[in-house]
file entry.cif (mmCIF, C-alpha atoms)
data_run
#
loop_
_atom_site.label_atom_id
_atom_site.label_comp_id
_atom_site.auth_asym_id
_atom_site.auth_seq_id
_atom_site.Cartn_x
_atom_site.Cartn_y
_atom_site.Cartn_z
CA MET W 227 74.12 -63.96 45.79
CA ASN W 228 70.89 -62.08 45.27
CA ARG W 229 70.00 -60.72 41.91
CA GLU W 230 69.61 -56.94 42.11
CA LEU W 231 66.20 -55.45 41.42
CA ASP W 232 65.79 -54.36 37.82
CA SER W 233 63.56 -51.55 36.57
CA ILE W 234 60.52 -53.84 36.29
CA ASP W 235 60.95 -55.11 39.86
CA ARG W 236 61.18 -51.51 41.03
CA ALA W 237 58.08 -50.55 39.08
CA ILE W 238 56.19 -53.42 40.77
CA LEU W 239 57.40 -52.39 44.21
CA ASN W 240 56.72 -48.70 43.74
CA ARG W 241 53.27 -49.28 42.29
CA TYR W 242 52.01 -52.12 44.51
CA GLN W 243 52.85 -51.48 48.15
CA GLY W 244 49.09 -51.11 48.32
CA GLY W 245 46.14 -50.99 45.99
CA PHE W 246 46.48 -54.55 44.72
CA PRO W 247 43.14 -55.31 43.03
CA ILE W 248 40.46 -57.63 44.40
CA CYS W 249 39.13 -59.57 41.40
CA GLU W 250 39.26 -63.12 39.99
CA ARG W 251 42.60 -62.55 38.21
CA PRO W 252 44.29 -59.76 40.21
CA TYR W 253 47.82 -60.62 39.06
CA GLN W 254 46.68 -60.26 35.47
CA ALA W 255 45.03 -56.90 36.18
CA ALA W 256 48.12 -55.64 38.02
CA ALA W 257 50.52 -57.02 35.38
CA GLU W 258 48.68 -55.16 32.64
CA ILE W 259 49.27 -51.85 34.42
CA ILE W 260 52.99 -52.62 34.76
CA GLY W 261 53.09 -53.80 31.14
CA ILE W 262 54.13 -57.42 31.69
CA SER W 263 52.34 -60.77 31.63
CA GLU W 264 50.52 -62.35 34.56
CA SER W 265 53.00 -65.21 34.79
CA GLU W 266 55.97 -62.85 34.76
CA LEU W 267 54.50 -60.81 37.61
CA ILE W 268 53.96 -63.97 39.66
CA ARG W 269 57.50 -65.17 38.86
CA ARG W 270 59.04 -61.84 39.89
CA LEU W 271 57.08 -61.74 43.15
CA GLU W 272 58.16 -65.30 43.93
CA ARG W 273 61.79 -64.38 43.32
CA MET W 274 61.68 -61.22 45.42
CA LEU W 275 60.09 -63.19 48.26
CA GLU W 276 62.67 -65.96 47.95
CA GLN W 277 65.50 -63.41 48.01
CA LYS W 278 63.80 -61.68 50.95
CA GLN W 279 63.62 -58.34 49.16
CA LEU W 280 59.95 -58.60 50.08
CA SER W 281 59.02 -59.79 53.54
CA ARG W 282 55.47 -60.55 52.40
CA PHE W 283 53.00 -60.09 49.59
CA GLY W 284 49.33 -59.86 50.45
CA PRO W 285 46.99 -58.22 52.93
CA MET W 286 48.51 -56.26 55.79
CA TYR W 287 46.14 -56.66 58.72
CA HIS W 288 45.56 -53.98 61.33
CA ALA W 289 46.49 -56.04 64.40
CA GLU W 290 44.67 -53.91 66.99
CA ARG W 291 41.41 -54.20 65.09
CA LEU W 292 41.41 -57.99 65.17
CA GLY W 293 40.51 -57.99 68.85
CA GLY W 294 43.87 -59.10 70.28
CA GLY W 295 46.32 -57.21 72.48
CA LEU W 296 49.55 -55.77 71.14
CA SER W 297 52.25 -53.78 72.87
CA LEU W 298 55.89 -52.77 72.68
CA CYS W 299 57.78 -53.44 75.91
CA ALA W 300 61.25 -52.50 77.06
CA MET W 301 63.58 -53.73 79.81
CA ARG W 302 66.90 -52.65 81.30
CA ILE W 303 69.02 -55.72 81.89
CA PRO W 304 72.59 -55.81 83.28
CA GLU W 305 75.06 -57.29 80.77
CA GLU W 306 75.95 -60.29 82.95
CA GLN W 307 72.31 -61.40 83.18
CA TYR W 308 71.39 -60.57 79.61
CA ASP W 309 71.53 -64.08 78.13
CA GLN W 310 69.59 -65.61 80.97
CA VAL W 311 66.83 -62.98 80.82
CA THR W 312 66.69 -63.29 77.02
CA GLU W 313 65.98 -66.98 77.44
CA GLN W 314 63.31 -66.35 80.07
CA VAL W 315 61.57 -63.65 78.01
CA ASN W 316 61.74 -65.56 74.71
CA ALA W 317 60.15 -68.59 76.38
CA PHE W 318 56.83 -66.73 76.48
CA PRO W 319 54.84 -67.61 73.35
CA GLU W 320 53.25 -64.14 73.55
CA VAL W 321 56.66 -62.56 72.80
CA ALA W 322 56.64 -62.21 69.02
CA HIS W 323 59.77 -60.19 68.23
CA ASN W 324 62.61 -59.36 70.55
CA TYR W 325 65.51 -57.02 69.70
CA ALA W 326 68.68 -56.12 71.53
CA ARG W 327 69.35 -52.38 71.27
CA ASP W 328 72.40 -50.28 72.16
CA HIS W 329 70.95 -48.32 75.07
CA ALA W 330 70.35 -48.57 78.84
CA PHE W 331 66.93 -49.85 77.74
CA ASN W 332 68.59 -52.74 75.98
CA MET W 333 65.78 -55.24 75.37
CA TRP W 334 62.71 -54.40 73.25
CA PHE W 335 59.99 -56.87 72.47
CA VAL W 336 56.52 -56.99 71.00
CA LEU W 337 53.83 -58.79 72.99
CA ALA W 338 50.84 -60.18 71.13
CA THR W 339 47.99 -61.70 73.17
CA GLU W 340 44.58 -63.16 72.37
CA THR W 341 42.81 -60.39 74.28
CA PRO W 342 43.92 -56.85 75.27
CA GLU W 343 43.40 -57.76 78.96
CA ARG W 344 46.07 -60.47 78.78
CA ILE W 345 48.88 -57.93 78.16
CA GLY W 346 48.95 -56.85 81.80
CA SER W 347 49.08 -60.35 83.24
CA VAL W 348 51.80 -61.52 80.84
CA LEU W 349 53.88 -58.44 81.76
CA GLU W 350 53.52 -59.22 85.46
CA GLU W 351 54.51 -62.81 84.84
CA ILE W 352 57.64 -61.72 82.92
CA GLU W 353 58.57 -59.38 85.79
CA ARG W 354 58.03 -62.13 88.35
CA ARG W 355 60.11 -64.65 86.44
CA THR W 356 63.01 -62.34 85.52
CA GLY W 357 63.03 -60.06 88.55
CA PHE W 358 63.28 -56.96 86.33
CA ARG W 359 60.76 -54.25 85.57
CA VAL W 360 58.95 -54.31 82.23
CA TYR W 361 58.14 -50.87 80.76
CA ASN W 362 54.90 -51.11 78.83
CA MET W 363 54.82 -48.78 75.82
CA PRO W 364 51.63 -49.47 73.88
CA LYS W 365 50.79 -47.36 70.87
CA LEU W 366 48.68 -44.38 71.97
CA GLN W 367 48.42 -42.82 68.55
CA GLU W 368 49.60 -43.79 65.11
CA PHE W 369 50.75 -41.23 62.58
CA PHE W 370 50.57 -42.67 59.22
CA ILE W 371 52.71 -45.08 57.88
CA GLY W 372 52.81 -44.47 54.19
CA LEU W 373 53.18 -46.61 51.14
CA LYS W 374 56.00 -44.38 50.17
CA PHE W 375 59.08 -46.55 50.28
CA GLU W 376 60.70 -45.83 46.91
CA VAL W 377 63.19 -48.29 45.47
CA MET D 395 42.70 -41.85 70.83
CA THR D 396 43.67 -45.39 71.63
CA GLU D 397 43.38 -48.16 69.12
CA THR D 398 41.54 -50.88 70.91
CA GLN D 399 38.52 -50.68 68.65
CA SER D 400 37.68 -54.03 67.17
CA THR D 401 35.15 -54.87 64.55
CA THR D 402 33.21 -58.07 64.81
CA LEU D 403 34.69 -60.83 62.76
CA ASP D 404 32.82 -64.03 62.09
CA ASP D 405 34.25 -67.51 61.63
CA LEU D 406 34.72 -67.14 57.90
CA ASP D 407 36.61 -63.84 58.34
CA ARG D 408 38.86 -65.54 60.86
CA ARG D 409 39.54 -68.48 58.57
CA ILE D 410 40.38 -66.06 55.76
CA ILE D 411 42.78 -64.14 58.02
CA VAL D 412 44.50 -67.32 59.18
CA ALA D 413 44.85 -68.44 55.55
CA THR D 414 46.33 -65.13 54.33
CA GLN D 415 48.21 -63.52 57.22
CA SER D 416 51.52 -64.71 55.80
CA GLY D 417 50.58 -63.82 52.22
CA LEU D 418 48.29 -64.12 49.24
CA PRO D 419 48.64 -67.33 47.15
CA LEU D 420 50.86 -66.66 44.11
CA VAL D 421 48.52 -68.35 41.64
CA PRO D 422 46.43 -66.79 38.85
CA GLU D 423 43.21 -67.03 40.90
CA PRO D 424 44.28 -66.43 44.50
CA PHE D 425 40.80 -65.75 45.88
CA ALA D 426 39.49 -68.99 44.41
CA ALA D 427 42.45 -70.80 46.01
CA ILE D 428 41.65 -69.22 49.39
CA SER D 429 37.96 -70.09 49.03
CA THR D 430 38.81 -73.78 48.61
CA GLN D 431 40.95 -73.62 51.71
CA VAL D 432 38.30 -71.94 53.88
CA GLY D 433 35.26 -73.69 52.43
CA SER D 434 33.55 -70.82 50.64
CA THR D 435 33.31 -69.29 47.16
CA SER D 436 35.71 -66.87 45.53
CA GLU D 437 32.90 -64.28 45.28
CA GLU D 438 32.32 -64.47 49.03
CA VAL D 439 36.06 -64.30 49.81
CA MET D 440 36.43 -61.23 47.59
CA ARG D 441 33.43 -59.63 49.29
CA ARG D 442 35.03 -60.24 52.71
CA PHE D 443 38.34 -58.77 51.51
CA GLN D 444 36.57 -55.69 50.20
CA ARG D 445 34.72 -55.24 53.48
CA MET D 446 37.82 -55.71 55.64
CA LEU D 447 39.66 -53.18 53.47
CA GLU D 448 36.82 -50.68 53.87
CA ASN D 449 36.56 -50.99 57.64
CA GLY D 450 40.32 -50.88 58.18
CA ILE D 451 40.85 -54.49 59.33
CA ILE D 452 43.10 -54.73 56.28
CA ARG D 453 45.36 -51.69 56.01
CA ARG D 454 46.34 -52.43 52.44
CA ILE D 455 47.06 -55.25 50.03
CA GLY D 456 50.40 -55.47 48.27
CA ALA D 457 54.13 -55.84 48.67
CA VAL D 458 55.82 -55.41 52.06
CA PRO D 459 59.41 -54.45 51.23
CA ASN D 460 62.26 -55.59 53.42
CA HIS D 461 64.25 -52.41 54.08
CA TYR D 462 67.33 -54.30 55.18
CA THR D 463 67.86 -56.51 52.13
CA LEU D 464 66.99 -53.58 49.84
CA GLY D 465 70.11 -51.80 51.02
CA PHE D 466 68.88 -49.83 54.00
CA LYS D 467 71.35 -51.24 56.49
CA GLY D 468 71.04 -48.39 58.95
CA ASN D 469 67.67 -48.61 60.64
CA GLY D 470 67.33 -46.61 63.80
CA MET D 471 64.46 -46.43 66.23
CA THR D 472 64.48 -42.71 67.05
CA VAL D 473 62.74 -41.48 70.18
CA TRP D 474 61.79 -37.88 70.95
CA ASP D 475 60.61 -35.86 73.92
CA ILE D 476 58.19 -33.26 72.62
CA PRO D 477 55.35 -31.38 74.36
CA ASP D 478 52.28 -33.64 74.64
CA ASP D 479 49.96 -30.91 73.37
CA LYS D 480 51.90 -30.65 70.10
CA ILE D 481 52.29 -34.34 69.40
CA GLY D 482 49.46 -34.55 66.86
CA HIS D 483 50.98 -31.80 64.75
CA TYR D 484 54.56 -33.08 64.86
CA GLY D 485 53.58 -36.74 64.63
CA LYS D 486 51.90 -36.17 61.28
CA LEU D 487 54.76 -34.02 60.02
CA ILE D 488 57.37 -36.65 60.94
CA GLY D 489 55.22 -39.60 59.86
CA ASN D 490 54.99 -38.07 56.40
CA LEU D 491 58.76 -37.81 55.85
CA ASP D 492 59.85 -40.25 53.15
CA PHE D 493 62.60 -41.80 55.29
CA VAL D 494 60.28 -42.55 58.23
CA SER D 495 58.35 -45.82 58.01
CA HIS D 496 56.38 -45.71 61.27
CA ALA D 497 55.64 -42.99 63.78
CA TYR D 498 53.79 -43.53 67.05
CA GLN D 499 52.99 -41.77 70.28
CA ARG D 500 53.85 -44.01 73.26
CA PRO D 501 53.64 -43.35 77.01
CA ARG D 502 56.53 -41.84 78.97
CA HIS D 503 57.80 -43.62 82.10
CA GLN D 504 59.35 -40.76 84.03
CA PRO D 505 61.97 -40.29 85.28
CA GLU D 506 63.71 -43.15 83.46
CA TRP D 507 62.01 -42.72 80.10
CA ASN D 508 60.95 -39.27 78.93
CA TYR D 509 60.32 -39.93 75.26
CA ASN D 510 56.78 -39.85 73.85
CA LEU D 511 57.29 -40.02 70.07
CA PHE D 512 58.85 -42.98 68.25
CA ALA D 513 59.87 -42.86 64.57
CA MET D 514 61.66 -45.57 62.59
CA VAL D 515 64.29 -43.90 60.40
CA HIS D 516 65.84 -45.76 57.47
CA GLY D 517 69.11 -44.97 55.71
CA LYS D 518 71.89 -46.69 53.76
CA ASP D 519 74.09 -46.56 56.85
CA ARG D 520 74.19 -45.01 60.30
CA GLN D 521 75.71 -41.80 59.00
CA GLU D 522 72.72 -41.31 56.71
CA VAL D 523 70.34 -42.09 59.58
CA GLU D 524 72.05 -39.42 61.66
CA GLN D 525 71.72 -36.84 58.89
CA LYS D 526 68.02 -37.59 58.67
CA VAL D 527 67.63 -37.35 62.42
CA GLU D 528 69.17 -33.87 62.20
CA LYS D 529 66.45 -32.93 59.71
CA ILE D 530 63.77 -34.02 62.18
CA ALA D 531 65.50 -32.03 64.92
CA GLU D 532 65.43 -28.94 62.70
CA LEU D 533 61.71 -29.45 62.07
CA LEU D 534 61.04 -29.59 65.81
CA GLY D 535 63.23 -26.63 66.74
CA ASP D 536 62.78 -25.62 70.38
CA ASP D 537 59.99 -28.17 70.86
CA ASN D 538 62.63 -30.91 70.74
CA ARG D 539 63.48 -31.43 74.41
CA GLY D 540 65.73 -34.38 73.73
CA HIS D 541 66.14 -37.34 71.39
CA GLU D 542 68.14 -40.52 70.92
CA ILE D 543 68.70 -43.15 68.25
CA LEU D 544 68.44 -46.78 69.35
CA TYR D 545 70.04 -49.14 66.87
CA SER D 546 69.26 -52.81 67.05
CA SER D 547 72.38 -54.86 67.65
CA ARG D 548 70.84 -58.33 67.55
CA ILE D 549 67.55 -60.06 66.80
CA LEU D 550 66.82 -62.15 69.88
CA LYS D 551 63.56 -63.63 68.63
CA LYS D 552 61.48 -63.26 65.52
CA THR D 553 58.33 -65.27 65.01
CA GLY D 554 55.48 -64.40 62.73
CA LEU D 555 52.91 -62.33 64.50
CA ARG D 556 49.95 -64.71 64.79
CA LEU D 557 47.07 -62.31 64.58
CA VAL D 558 44.25 -64.77 64.94
CA SER D 559 44.48 -68.18 66.47
CA ASP D 560 43.62 -71.06 64.15
CA LYS D 561 42.09 -73.08 66.98
#

call {"tool": "encode", "arguments": {"input": "entry.cif", "output": "structure tokens"}}
result
Amino acid sequence: MNRELDSIDRAILNRYQGGFPICERPYQAAAEIIGISESELIRRLERMLEQKQLSRFGPMYHAERLGGGLSLCAMRIPEEQYDQVTEQVNAFPEVAHNYARDHAFNMWFVLATETPERIGSVLEEIERRTGFRVYNMPKLQEFFIGLKFEV
Amino acid sequence: MTETQSTTLDDLDRRIIVATQSGLPLVPEPFAAISTQVGSTSEEVMRRFQRMLENGIIRRIGAVPNHYTLGFKGNGMTVWDIPDDKIGHYGKLIGNLDFVSHAYQRPRHQPEWNYNLFAMVHGKDRQEVEQKVEKIAELLGDDNRGHEILYSSRILKKTGLRLVSDK
């Protein structure tokens, strides 16, 4: 059973969803602002990561600016072929996440490729192998994405 | 505005990204620890971090909360059909709501798919998600030509997004 977040955990989360300092002892600098010790901050972060209250602690990279391709794709798969198509789609190493959703468009996955040009050819290959159309829905515009998640 | 812009990264940048894409070392001197791993100095690693933060390669450094384990069990991908010429205005408005974590414009695929705005809405349960979706609908008024909430029913695959190959 996970330990609930206490007020110090919440202070850490609300203060440091961004803006973590870049210096030799950043945990110490951040801990001072929260009013705890460096080792306690590290211990609390370790625990929240272990309990999966945090999915990560560190730099969040802007995937599109690293030179690779990234896209969200959707498919409409009949129920009786769903498991088989799931297996075929998941077999592609370029498929990073894949979610079943309650909708006629019932399969949603993220494609990540080494180059932007590869997205198109991987899509075609998925269509060829599964026999179903892949709807490519790349990000056209991003509207920020705050550091505003209050706990 | 598409986001295909990429800034030139050299070998050291790439090694730093590979070493930190799943997180910063939880040790008192994390940049020194990274520098040992990538064969550089902590000063140089910090300089690279600073530069990547300034040019937007790094969006931010800090905690990435897990909505689900923090009690937000109702997470809906909401999709909206709004006039293309108003998407910039509404996208910013919706993206700034405190219960929306991401908002993007994506292409329509008519006639099967008419939605052009995606927003992830988080709530304690589905009922709360639906209340929040109503708030968005009110904001859009007559410019809302249709919307739906797509809940995820199953994770079929989840691997870490490998941003940069380590080969």

call {"tool": "resolve_selection", "arguments": {"input": "entry.cif", "expression": "the PyMOL selection byres ((chain W and resi 306-316) around 9)", "output": "ChimeraX atom specification"}}
result
/W:303-305,317-324,333,335,352,355-356,358 /D:550-551

call {"tool": "resolve_selection", "arguments": {"input": "entry.cif", "expression": "the PyMOL selection byres ((chain D) within 7 of (chain W))", "output": "VMD selection string"}}
result
chain D and resid 395 to 401 415 to 418 420 422 to 423 425 440 450 to 460 463 to 464 485 to 486 489 to 490 492 495 to 501 544 to 555 557

call {"tool": "resolve_selection", "arguments": {"input": "entry.cif", "expression": "the PyMOL selection byres ((chain D and resi 404) around 12)", "output": "number ranges by chain"}}
result
W: 292-293; D: 401-403, 405-411, 442, 446, 558

call {"tool": "write_last_selection", "arguments": {"input": "entry.cif", "atoms": "C-alpha atoms", "output": "compact mmCIF listing (two decimals), keeping the file's coordinate frame"}}
result
# COMPACT_ATOMS: atom_id res chain seq x y z
CA LEU W 292 41.41 -57.99 65.17
CA GLY W 293 40.51 -57.99 68.85
CA THR D 401 35.15 -54.87 64.55
CA THR D 402 33.21 -58.07 64.81
CA LEU D 403 34.69 -60.83 62.76
CA ASP D 405 34.25 -67.51 61.63
CA LEU D 406 34.72 -67.14 57.90
CA ASP D 407 36.61 -63.84 58.34
CA ARG D 408 38.86 -65.54 60.86
CA ARG D 409 39.54 -68.48 58.57
CA ILE D 410 40.38 -66.06 55.76
CA ILE D 411 42.78 -64.14 58.02
CA ARG D 442 35.03 -60.24 52.71
CA MET D 446 37.82 -55.71 55.64
CA VAL D 558 44.25 -64.77 64.94

call {"tool": "atom_distance", "arguments": {"input": "entry.cif", "atom1": "atom CA of W:Glu350", "atom2": "atom CA of D:Leu511"}}
result
24.9 Å

call {"tool": "atom_distance", "arguments": {"input": "entry.cif", "atom1": "atom CA of D:Glu528", "atom2": "atom CA of D:Tyr462"}}
result
21.7 Å

call {"tool": "atom_distance", "arguments": {"input": "entry.cif", "atom1": "atom CA of W:Ala257", "atom2": "atom CA of D:Pro424"}}
result
14.5 Å

call {"tool": "residues_around", "arguments": {"input": "entry.cif", "residues": "D:Thr472", "least_positions_apart": "3", "cutoff": "8 Å", "atoms": "all atoms listed in the file", "output": "JSON, numbers by chain"}}
result
{"D": [512, 513, 514, 515, 527, 541, 542, 543, 544]}

call {"tool": "write_last_selection", "arguments": {"input": "entry.cif", "atoms": "C-alpha atoms", "output": "PDB file, in the coordinates of the input"}}
result
ATOM      1  CA  PHE D 512      58.850 -42.980  68.250  1.00  0.00           C
ATOM      2  CA  ALA D 513      59.870 -42.860  64.570  1.00  0.00           C
ATOM      3  CA  MET D 514      61.660 -45.570  62.590  1.00  0.00           C
ATOM      4  CA  VAL D 515      64.290 -43.900  60.400  1.00  0.00           C
ATOM      5  CA  VAL D 527      67.630 -37.350  62.420  1.00  0.00           C
ATOM      6  CA  HIS D 541      66.140 -37.340  71.390  1.00  0.00           C
ATOM      7  CA  GLU D 542      68.140 -40.520  70.920  1.00  0.00           C
ATOM      8  CA  ILE D 543      68.700 -43.150  68.250  1.00  0.00           C
ATOM      9  CA  LEU D 544      68.440 -46.780  69.350  1.00  0.00           C
TER      10      LEU D 544
END

call {"tool": "build_atoms", "arguments": {"input": "entry.cif", "residues": "stretch 527-542 of chain D", "atoms": "N, CA and C atoms", "output": "mmCIF file, keeping the file's coordinate frame"}}
result
data_model
loop_
_atom_site.group_PDB
_atom_site.id
_atom_site.type_symbol
_atom_site.label_atom_id
_atom_site.label_comp_id
_atom_site.auth_asym_id
_atom_site.auth_seq_id
_atom_site.Cartn_x
_atom_site.Cartn_y
_atom_site.Cartn_z
ATOM 1 N N VAL D 527 68.072 -37.713 61.080
ATOM 2 C CA VAL D 527 67.630 -37.350 62.420
ATOM 3 C C VAL D 527 67.840 -35.855 62.646
ATOM 4 N N GLU D 528 68.930 -35.314 62.092
ATOM 5 C CA GLU D 528 69.170 -33.870 62.200
ATOM 6 C C GLU D 528 68.049 -33.070 61.535
ATOM 7 N N LYS D 529 67.561 -33.610 60.403
ATOM 8 C CA LYS D 529 66.450 -32.930 59.710
ATOM 9 C C LYS D 529 65.213 -32.892 60.588
ATOM 10 N N ILE D 530 64.938 -33.999 61.274
ATOM 11 C CA ILE D 530 63.770 -34.020 62.180
ATOM 12 C C ILE D 530 63.984 -33.011 63.295
ATOM 13 N N ALA D 531 65.208 -32.964 63.830
ATOM 14 C CA ALA D 531 65.500 -32.030 64.920
ATOM 15 C C ALA D 531 65.278 -30.589 64.472
ATOM 16 N N GLU D 532 65.654 -30.291 63.232
ATOM 17 C CA GLU D 532 65.430 -28.940 62.700
ATOM 18 C C GLU D 532 63.941 -28.617 62.620
ATOM 19 N N LEU D 533 63.169 -29.623 62.161
ATOM 20 C CA LEU D 533 61.710 -29.450 62.070
ATOM 21 C C LEU D 533 61.103 -29.102 63.429
ATOM 22 N N LEU D 534 61.623 -29.752 64.479
ATOM 23 C CA LEU D 534 61.040 -29.590 65.810
ATOM 24 C C LEU D 534 61.511 -28.319 66.504
ATOM 25 N N GLY D 535 62.696 -27.855 66.142
ATOM 26 C CA GLY D 535 63.230 -26.630 66.740
ATOM 27 C C GLY D 535 63.258 -26.711 68.260
ATOM 28 N N ASP D 536 62.744 -25.684 68.916
ATOM 29 C CA ASP D 536 62.780 -25.620 70.380
ATOM 30 C C ASP D 536 61.833 -26.617 71.041
ATOM 31 N N ASP D 537 60.899 -27.182 70.273
ATOM 32 C CA ASP D 537 59.990 -28.170 70.860
ATOM 33 C C ASP D 537 60.653 -29.544 71.015
ATOM 34 N N ASN D 538 61.877 -29.675 70.525
ATOM 35 C CA ASN D 538 62.630 -30.910 70.740
ATOM 36 C C ASN D 538 63.362 -30.794 72.070
ATOM 37 N N ARG D 539 62.855 -31.515 73.090
ATOM 38 C CA ARG D 539 63.480 -31.430 74.410
ATOM 39 C C ARG D 539 64.468 -32.552 74.658
ATOM 40 N N GLY D 540 64.747 -33.314 73.606
ATOM 41 C CA GLY D 540 65.730 -34.380 73.730
ATOM 42 C C GLY D 540 65.381 -35.520 72.787
ATOM 43 N N HIS D 541 66.401 -36.179 72.248
ATOM 44 C CA HIS D 541 66.140 -37.340 71.390
ATOM 45 C C HIS D 541 67.328 -38.279 71.413
ATOM 46 N N GLU D 542 67.078 -39.526 71.014
ATOM 47 C CA GLU D 542 68.140 -40.520 70.920
ATOM 48 C C GLU D 542 67.836 -41.446 69.762
#
